[in-house]
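Just entry32.txt here, compact mmCIF, C-alpha atoms:
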# COMPACT_ATOMS: atom_id res chain seq x y z
CA MET A 164 109.88 62.49 92.97
CA SER A 165 108.48 63.27 89.52
CA GLU A 166 110.67 62.97 86.45
CA THR A 167 112.50 66.12 85.42
CA ILE A 168 111.19 67.51 82.13
CA LYS A 169 114.07 68.04 79.72
CA ILE A 170 113.77 70.12 76.55
CA LEU A 171 116.25 70.84 73.78
CA THR A 172 115.96 74.15 71.98
CA ILE A 173 117.63 74.48 68.58
CA GLN A 174 118.15 78.07 67.44
CA ASP A 175 120.85 80.70 67.14
CA ILE A 176 122.77 82.54 69.82
CA SER A 177 122.66 86.25 69.16
CA CYS A 178 125.26 87.36 71.67
CA TYR A 179 123.56 90.74 72.06
CA GLY A 180 119.95 91.62 71.37
CA GLN A 181 117.59 89.60 73.59
CA CYS A 182 116.34 86.97 71.17
CA SER A 183 116.55 83.28 70.32
CA ILE A 184 118.51 81.23 72.87
CA THR A 185 119.21 84.19 75.15
CA VAL A 186 115.43 84.43 75.61
CA ALA A 187 114.51 80.74 75.39
CA LEU A 188 117.00 79.49 77.99
CA PRO A 189 115.93 81.77 80.88
CA MET A 190 112.24 81.86 79.98
CA ILE A 191 111.72 78.10 79.72
CA SER A 192 113.96 77.44 82.73
CA ALA A 193 111.71 79.76 84.75
CA PHE A 194 108.90 77.23 84.31
CA GLY A 195 111.03 74.65 86.12
CA ILE A 196 112.07 72.85 82.94
CA GLU A 197 115.64 71.67 82.37
CA THR A 198 116.66 73.39 79.14
CA ALA A 199 119.48 72.23 76.90
CA VAL A 200 120.62 74.24 73.89
CA LEU A 201 121.92 73.46 70.43
CA PRO A 202 123.09 76.65 68.67
CA SER A 203 122.40 76.73 64.94
CA ALA A 204 124.68 79.76 64.53
CA ILE A 205 126.42 82.40 66.61
CA LEU A 206 125.84 86.04 65.73
CA SER A 207 127.40 89.07 67.37
CA THR A 208 123.96 90.68 67.35
CA HIS A 209 120.62 89.82 65.83
CA THR A 210 119.97 90.95 62.25
CA SER A 211 117.34 93.64 62.85
CA GLY A 212 118.58 97.17 63.36
CA PHE A 213 122.25 96.26 63.42
CA SER A 214 124.75 96.36 60.57
CA GLY A 215 128.10 94.65 60.14
CA TYR A 216 127.19 91.82 62.50
CA THR A 217 129.28 88.65 62.50
CA VAL A 218 127.83 85.22 61.79
CA ARG A 219 129.34 81.80 62.41
CA ASP A 220 127.33 78.98 60.84
CA LEU A 221 127.44 75.85 63.03
CA THR A 222 125.97 73.42 60.50
CA GLU A 223 129.06 71.22 60.46
CA ASP A 224 128.97 70.82 64.25
CA LEU A 225 125.46 69.36 64.44
CA PRO A 226 126.21 65.71 63.45
CA ALA A 227 129.04 65.31 65.97
CA ILE A 228 126.92 66.76 68.77
CA ARG A 229 124.11 64.32 67.95
CA GLN A 230 126.55 61.42 67.89
CA HIS A 231 127.95 62.34 71.30
CA TRP A 232 124.46 62.58 72.78
CA GLU A 233 123.66 59.17 71.32
CA LYS A 234 126.78 57.73 72.93
CA GLU A 235 125.81 59.26 76.28
CA GLY A 236 122.19 58.09 76.05
CA ILE A 237 120.80 61.62 76.21
CA TYR A 238 117.10 62.00 75.33
CA PHE A 239 114.60 64.84 75.59
CA ASN A 240 110.92 65.12 76.49
CA ALA A 241 110.52 67.93 73.97
CA ILE A 242 112.41 69.70 71.19
CA TYR A 243 111.73 73.33 70.29
CA THR A 244 113.17 74.80 67.10
CA GLY A 245 113.50 78.50 66.35
CA PHE A 246 115.89 80.44 64.10
CA ILE A 247 117.71 77.92 61.89
CA GLY A 248 121.04 79.02 60.53
CA SER A 249 121.04 77.51 57.03
CA ILE A 250 118.94 75.44 54.69
CA GLU A 251 121.43 72.58 55.06
CA GLN A 252 120.57 72.25 58.75
CA PHE A 253 117.04 70.97 58.25
CA ASP A 254 118.02 67.35 57.57
CA TYR A 255 120.39 67.32 60.56
CA ILE A 256 117.66 68.73 62.80
CA LYS A 257 115.16 66.11 61.64
CA ASP A 258 117.74 63.43 62.45
CA ILE A 259 118.20 64.87 65.94
CA ILE A 260 114.44 64.85 66.47
CA ASP A 261 114.19 61.26 65.22
CA SER A 262 117.02 59.99 67.40
CA ARG A 263 117.00 62.13 70.57
CA LEU A 264 113.29 62.70 71.26
CA LYS A 265 111.60 60.27 73.64
CA PRO A 266 108.79 58.19 72.08
CA ASP A 267 106.09 60.31 73.75
CA GLY A 268 108.00 63.57 73.29
CA LYS A 269 106.61 66.73 71.72
CA VAL A 270 108.01 68.94 68.97
CA PHE A 271 107.43 72.70 68.91
CA VAL A 272 108.32 74.57 65.70
CA ASP A 273 108.54 78.34 65.64
CA PRO A 274 109.23 79.00 61.93
CA ALA A 275 111.30 82.07 62.73
CA MET A 276 112.13 83.38 59.28
CA ALA A 277 110.01 86.45 58.47
CA ASP A 278 107.92 89.33 59.80
CA ASN A 279 106.07 92.39 58.53
CA GLY A 280 105.79 90.95 55.03
CA GLU A 281 109.49 90.23 54.52
CA PHE A 282 111.99 87.44 55.03
CA TYR A 283 114.77 87.93 57.54
CA ASN A 284 118.17 88.54 55.95
CA GLY A 285 119.44 85.49 54.07
CA PHE A 286 116.14 83.61 53.80
CA ASP A 287 113.97 83.00 50.73
CA GLN A 288 111.08 80.88 49.47
CA ASP A 289 113.27 77.77 49.16
CA PHE A 290 114.09 78.14 52.86
CA ALA A 291 110.40 78.56 53.66
CA ASP A 292 109.56 75.36 51.78
CA LYS A 293 112.15 73.43 53.81
CA MET A 294 110.73 75.02 56.96
CA GLY A 295 107.34 73.71 55.90
CA GLU A 296 108.73 70.16 55.85
CA LEU A 297 110.01 70.63 59.40
CA CYS A 298 106.67 72.05 60.53
CA LYS A 299 104.94 68.87 59.39
CA ILE A 300 106.69 66.87 62.12
CA GLY A 301 105.81 69.46 64.77
CA ASP A 302 103.08 68.81 67.32
CA TYR A 303 102.77 72.59 67.73
CA VAL A 304 103.54 75.12 64.98
CA LEU A 305 103.63 78.84 65.86
CA PRO A 306 103.87 81.11 62.78
CA ASN A 307 103.05 84.79 62.48
CA THR A 308 100.99 85.86 59.48
CA THR A 309 104.05 86.62 57.34
CA GLU A 310 105.54 83.19 57.98
CA ALA A 311 102.15 81.58 57.38
CA CYS A 312 101.86 83.28 54.00
CA TYR A 313 105.30 82.08 52.95
CA LEU A 314 104.49 78.53 54.08
CA LEU A 315 101.25 78.65 52.09
CA HIS A 316 102.60 80.58 49.08
CA LYS A 317 100.00 83.28 49.67
CA PRO A 318 100.37 87.08 49.39
CA TRP A 319 100.76 88.90 52.71
CA LYS A 320 98.91 92.03 53.76
CA GLU A 321 98.94 94.13 56.92
CA GLU A 322 95.36 93.33 57.95
CA PHE A 323 93.43 90.07 57.70
CA THR A 324 89.76 89.64 58.53
CA LYS A 325 88.64 87.13 61.13
CA GLU A 326 87.40 84.89 58.34
CA GLU A 327 90.72 85.13 56.49
CA MET A 328 92.62 84.25 59.67
CA LEU A 329 90.43 81.20 60.19
CA GLU A 330 90.91 80.13 56.59
CA MET A 331 94.67 80.51 56.89
CA ALA A 332 94.76 78.57 60.18
CA ASN A 333 92.82 75.74 58.57
CA GLU A 334 95.20 75.67 55.60
CA LEU A 335 98.13 75.58 58.04
CA SER A 336 96.75 72.41 59.60
CA ALA A 337 98.52 70.62 56.74
CA PHE A 338 101.78 71.84 58.31
CA THR A 339 101.40 70.31 61.76
CA LYS A 340 100.74 66.97 63.41
CA LYS A 341 98.31 68.52 65.89
CA TYR A 342 98.12 72.25 66.73
CA VAL A 343 98.41 75.54 64.85
CA ILE A 344 98.95 78.71 66.84
CA LEU A 345 98.63 81.51 64.28
CA LYS A 346 99.75 84.88 65.64
CA GLY A 347 98.88 88.33 64.39
CA ASP A 348 95.10 88.69 64.43
CA THR A 349 94.32 92.44 64.52
CA HIS A 350 90.64 92.63 63.57
CA LYS A 351 89.47 93.35 67.15
CA GLU A 352 89.90 97.01 68.18
CA GLY A 353 92.64 97.54 70.77
CA LYS A 354 93.53 93.85 70.88
CA LEU A 355 96.20 91.61 69.41
CA GLY A 356 95.22 88.03 69.04
CA MET A 357 95.95 84.58 67.75
CA ILE A 358 94.08 81.48 66.71
CA VAL A 359 94.60 78.13 68.42
CA LEU A 360 93.46 75.34 66.13
CA ASP A 361 93.46 71.60 66.75
CA LYS A 362 93.59 69.94 63.34
CA ASP A 363 91.49 67.07 64.72
CA ASP A 364 88.74 69.53 65.74
CA PRO A 365 89.05 72.55 63.41
CA SER A 366 85.47 73.73 63.93
CA ASN A 367 86.39 74.52 67.55
CA ALA A 368 89.25 76.93 66.77
CA GLN A 369 89.78 79.40 69.59
CA PHE A 370 90.63 83.11 69.35
CA VAL A 371 92.86 84.38 72.18
CA TYR A 372 93.36 88.11 72.77
CA ASN A 373 95.56 90.40 74.81
CA ASP A 374 95.59 94.18 75.00
CA LYS A 375 97.52 95.60 72.07
CA ILE A 376 100.63 97.61 72.97
CA ASP A 377 101.51 100.20 70.34
CA HIS A 378 105.19 99.37 70.27
CA MET A 379 107.12 97.17 67.86
CA SER A 380 110.18 95.37 69.14
CA HIS A 381 112.50 92.58 68.14
CA GLY A 382 112.31 89.40 70.22
CA THR A 383 108.60 89.38 71.07
CA GLY A 384 108.12 86.23 69.00
CA ASP A 385 110.82 84.50 71.05
CA VAL A 386 109.21 85.58 74.32
CA PHE A 387 105.85 84.28 73.11
CA ALA A 388 107.15 80.96 71.79
CA SER A 389 109.31 80.25 74.85
CA SER A 390 106.43 81.08 77.20
CA PHE A 391 104.06 78.91 75.18
CA VAL A 392 106.49 75.99 75.27
CA GLY A 393 107.06 76.36 79.01
CA SER A 394 103.35 76.63 79.79
CA SER A 395 102.53 73.61 77.62
CA LEU A 396 105.18 71.42 79.21
CA VAL A 397 103.90 72.09 82.73
CA GLY A 398 100.44 70.92 81.72
CA LYS A 399 98.53 73.91 80.36
CA SER A 400 96.15 73.42 77.45
CA PRO A 401 97.16 75.06 74.15
CA THR A 402 94.57 77.80 74.66
CA SER A 403 95.73 78.53 78.22
CA ALA A 404 99.38 78.39 77.12
CA ALA A 405 98.62 80.91 74.39
CA LYS A 406 96.93 83.22 76.90
CA ILE A 407 99.88 83.02 79.28
CA ALA A 408 102.38 83.56 76.48
CA GLY A 409 100.43 86.52 75.14
CA GLU A 410 100.21 88.09 78.59
CA LEU A 411 103.95 87.70 79.23
CA THR A 412 104.76 89.20 75.83
CA LYS A 413 102.44 92.14 76.51
CA LYS A 414 104.03 92.71 79.93
CA ALA A 415 107.51 92.62 78.40
CA LEU A 416 106.49 95.30 75.90
CA GLU A 417 105.03 97.40 78.71
CA GLU A 418 108.33 97.18 80.57
CA THR A 419 110.18 98.41 77.49
CA ILE A 420 107.98 101.03 75.85
CA ASP A 421 109.11 104.00 77.97
CA ASP A 422 112.83 103.42 77.32
CA PRO A 423 113.67 104.68 73.80
CA SER A 424 117.29 103.59 74.18
CA HIS A 425 116.14 99.97 74.48
CA ASN A 426 115.29 99.56 70.81
CA TYR A 427 116.85 96.13 70.19
CA GLY A 428 114.60 93.86 72.25
CA VAL A 429 112.19 93.70 75.18
CA LYS A 430 112.91 93.60 78.90
CA PHE A 431 111.59 90.08 79.30
CA GLU A 432 113.67 89.49 82.42
CA ARG A 433 111.34 91.75 84.38
CA VAL A 434 108.28 89.58 83.68
CA ILE A 435 109.77 86.26 84.76
CA PRO A 436 108.64 86.76 88.39
CA SER A 437 105.01 86.91 87.22
CA ILE A 438 105.07 83.38 85.76
CA PRO A 439 103.94 81.50 88.91
CA GLU A 440 100.90 83.72 89.39
CA LEU A 441 99.88 83.42 85.73
CA LEU A 442 100.14 79.65 85.95
CA LYS A 443 97.77 79.74 88.92
CA THR A 444 95.18 82.07 87.40
CA ILE A 445 95.05 81.12 83.70
Encoded form (structure tokens):
Amino acid sequence: MSETIKILTIQDISCYGQCSITVALPMISAFGIETAVLPSAILSTHTSGFSGYTVRDLTEDLPAIRQHWEKEGIYFNAIYTGFIGSIEQFDYIKDIIDSRLKPDGKVFVDPAMADNGEFYNGFDQDFADKMGELCKIGDYVLPNTTEACYLLHKPWKEEFTKEEMLEMANELSAFTKKYVILKGDTHKEGKLGMIVLDKDDPSNAQFVYNDKIDHMSHGTGDVFASSFVGSSLVGKSPTSAAKIAGELTKKALEETIDDPSHNYGVKFERVIPSIPELLKTI
């Protein structure tokens, strides 16, 4: 019997709103991967489109959780970080990666802090700079163009040319141990794409495209990142994992677009049954 793959995901629990851990746990588990969680914060809802939400910062809980895992001899094949609750958490998270990741384990960093040219509520450039330090220990880093611009201290704009995307992906190679997956390429008509770049072979950067769905929704980044992580851990190449993740995100948007009352997330649950077929065909 093969060894069970175990991953730890570190991000917030938004109790309502289909994002972060409430997406990562079911999506990654659907790939047959044992998924443990470490909440960075608990929010009553996510921060986009809701007001008056509650937030409980769990920074002070992180060291004791790590210590207990150390006592129990708990290790992980991979660690995937998403929405981090405070700037103080970065050092604790690095310590968890150093102590709880197996020697051949992989680190996935989704620098979930900004979109559409703006930081999420409560984040700033100092936070982005600390996120950049975390990215540098990631084997896979998955920013959108807004997050990339903050990491690189560059101005953001709504449209980037293919050449500008390639330049930005190459600059981001300083923020990863191995792979950059830069999301948000829009230069191809009717398509939404990303660049997959191996910093050891940057001249062979790959563009991956899916049909563009004219619908914006919270949580698509979490669907993409979770699907990418799951695909990678079951043996798919970064390019194939990006294709699978893009297709699942597109399908989730398609399931949601005709329901105007569902304006807080995407119906990702409906695309989970399509994972086995995508793994066979991509």
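Candidate residues A:Ile300, A:Pro365, A:Met331, A:Asn373 were compared for distance to A:Leu315, and the nearest is A:Met331, using all atoms listed in the file.
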(message) Set the distance at 8 Å and use all atoms listed in the file: which residues neighbour A:Val359 once local chain neighbours fewer than 3 positions away are removed? I'd like the list as a PyMOL selection string.
(response) chain A and resi 342-345+368-371+401-402+405
(message) Please list, as a ChimeraX atom specification, the residues that have an atom at most 7 Å away from (104.7, 78.2, 83.3) in the coordinates of this file, counting all atoms listed in the file.
(response) /A:194,390,393-394,397,438-439,442
How close does each residue of stretch 311-414 of chain A get to stretch 246-259 of chain A, giving the shortest atom pair and distance in Å to one decimal for every residue with an atom at most 12 Å away, counting only C-alpha atoms, sorted by chain and residue number, as CSV?
residue,atom,partner,partner_atom,distance
A:Gly382,CA,A:Phe246,CA,11.4
A:Gly384,CA,A:Phe246,CA,10.9
A:Asp385,CA,A:Phe246,CA,9.5
A:Ala388,CA,A:Phe246,CA,11.7
(message) Just checking: using only C-alpha atoms, which residue out of A:Ala227, A:Thr167, A:Ala187, A:Gln181 ends up closest to A:Leu206?
(response) A:Gln181
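With distances restricted to all atoms listed in the file, A:His316 is the closest residue to A:Asp287 from A:His316, A:Lys269, A:Lys443, A:Lys430.
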(request) Find the distance between atom CA of A:Val186 and atom CA of A:Pro274 and write it in Å to one decimal. (result) 16.0 Å
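Atom CA of A:Glu197 lies 29.5 Å from atom CA of A:Thr217.
We find atom CA of A:Lys265 and atom CA of A:Ile242 to be spaced 9.8 Å apart.
Closest approach to A:Asp377 among A:Lys413, A:Met357, A:Arg433, A:Ile407 is made by A:Lys413 (distances from only C-alpha atoms).
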Tell me which residues come within 12 Å of (117.0, 69.3, 73.4), as an mmCIF file with C-alpha atoms, in the frame of the given file, counting all atoms listed in the file in the file's coordinates.
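Produced file result-v1.cif, reproduced below:
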data_model
loop_
_atom_site.group_PDB
_atom_site.id
_atom_site.type_symbol
_atom_site.label_atom_id
_atom_site.label_comp_id
_atom_site.auth_asym_id
_atom_site.auth_seq_id
_atom_site.Cartn_x
_atom_site.Cartn_y
_atom_site.Cartn_z
ATOM 1 C CA ILE A 168 111.190 67.510 82.130
ATOM 2 C CA LYS A 169 114.070 68.040 79.720
ATOM 3 C CA ILE A 170 113.770 70.120 76.550
ATOM 4 C CA LEU A 171 116.250 70.840 73.780
ATOM 5 C CA THR A 172 115.960 74.150 71.980
ATOM 6 C CA ILE A 173 117.630 74.480 68.580
ATOM 7 C CA GLN A 174 118.150 78.070 67.440
ATOM 8 C CA ALA A 187 114.510 80.740 75.390
ATOM 9 C CA LEU A 188 117.000 79.490 77.990
ATOM 10 C CA ILE A 196 112.070 72.850 82.940
ATOM 11 C CA GLU A 197 115.640 71.670 82.370
ATOM 12 C CA THR A 198 116.660 73.390 79.140
ATOM 13 C CA ALA A 199 119.480 72.230 76.900
ATOM 14 C CA VAL A 200 120.620 74.240 73.890
ATOM 15 C CA LEU A 201 121.920 73.460 70.430
ATOM 16 C CA PRO A 202 123.090 76.650 68.670
ATOM 17 C CA ILE A 228 126.920 66.760 68.770
ATOM 18 C CA ARG A 229 124.110 64.320 67.950
ATOM 19 C CA TRP A 232 124.460 62.580 72.780
ATOM 20 C CA ILE A 237 120.800 61.620 76.210
ATOM 21 C CA TYR A 238 117.100 62.000 75.330
ATOM 22 C CA PHE A 239 114.600 64.840 75.590
ATOM 23 C CA ASN A 240 110.920 65.120 76.490
ATOM 24 C CA ALA A 241 110.520 67.930 73.970
ATOM 25 C CA ILE A 242 112.410 69.700 71.190
ATOM 26 C CA TYR A 243 111.730 73.330 70.290
ATOM 27 C CA THR A 244 113.170 74.800 67.100
ATOM 28 C CA ILE A 256 117.660 68.730 62.800
ATOM 29 C CA ILE A 259 118.200 64.870 65.940
ATOM 30 C CA ILE A 260 114.440 64.850 66.470
ATOM 31 C CA ASP A 261 114.190 61.260 65.220
ATOM 32 C CA SER A 262 117.020 59.990 67.400
ATOM 33 C CA ARG A 263 117.000 62.130 70.570
ATOM 34 C CA LEU A 264 113.290 62.700 71.260
ATOM 35 C CA LYS A 265 111.600 60.270 73.640
ATOM 36 C CA GLY A 268 108.000 63.570 73.290
ATOM 37 C CA LYS A 269 106.610 66.730 71.720
ATOM 38 C CA VAL A 270 108.010 68.940 68.970
ATOM 39 C CA PHE A 271 107.430 72.700 68.910
#
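You can rank A:Leu314, A:Ile376, A:Val392, A:Leu225 by their closest distance to A:Lys414 using all atoms listed in the file, and at the top of that list sits A:Ile376.
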(message) Applying 9 Å and all atoms listed in the file, which residues near A:Thr419 remain after dropping the ones on its own chain fewer than 5 positions away? List them as a ChimeraX atom specification.
(response) /A:378,380,414,425-426,428-431
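Nearest to A:Ser177 of all the residues A:Ile205, A:Leu416, A:Tyr216, A:Thr308 is A:Ile205, based on all atoms listed in the file.
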(request) Excluding stretch 210-215 of chain A and residues on its chain fewer than 2 positions from it, collect all residues at most 8 Å away from it, counting all atoms listed in the file, and give them as JSON, numbers by chain. (result) {"A": [208, 217, 283, 284, 381, 427]}
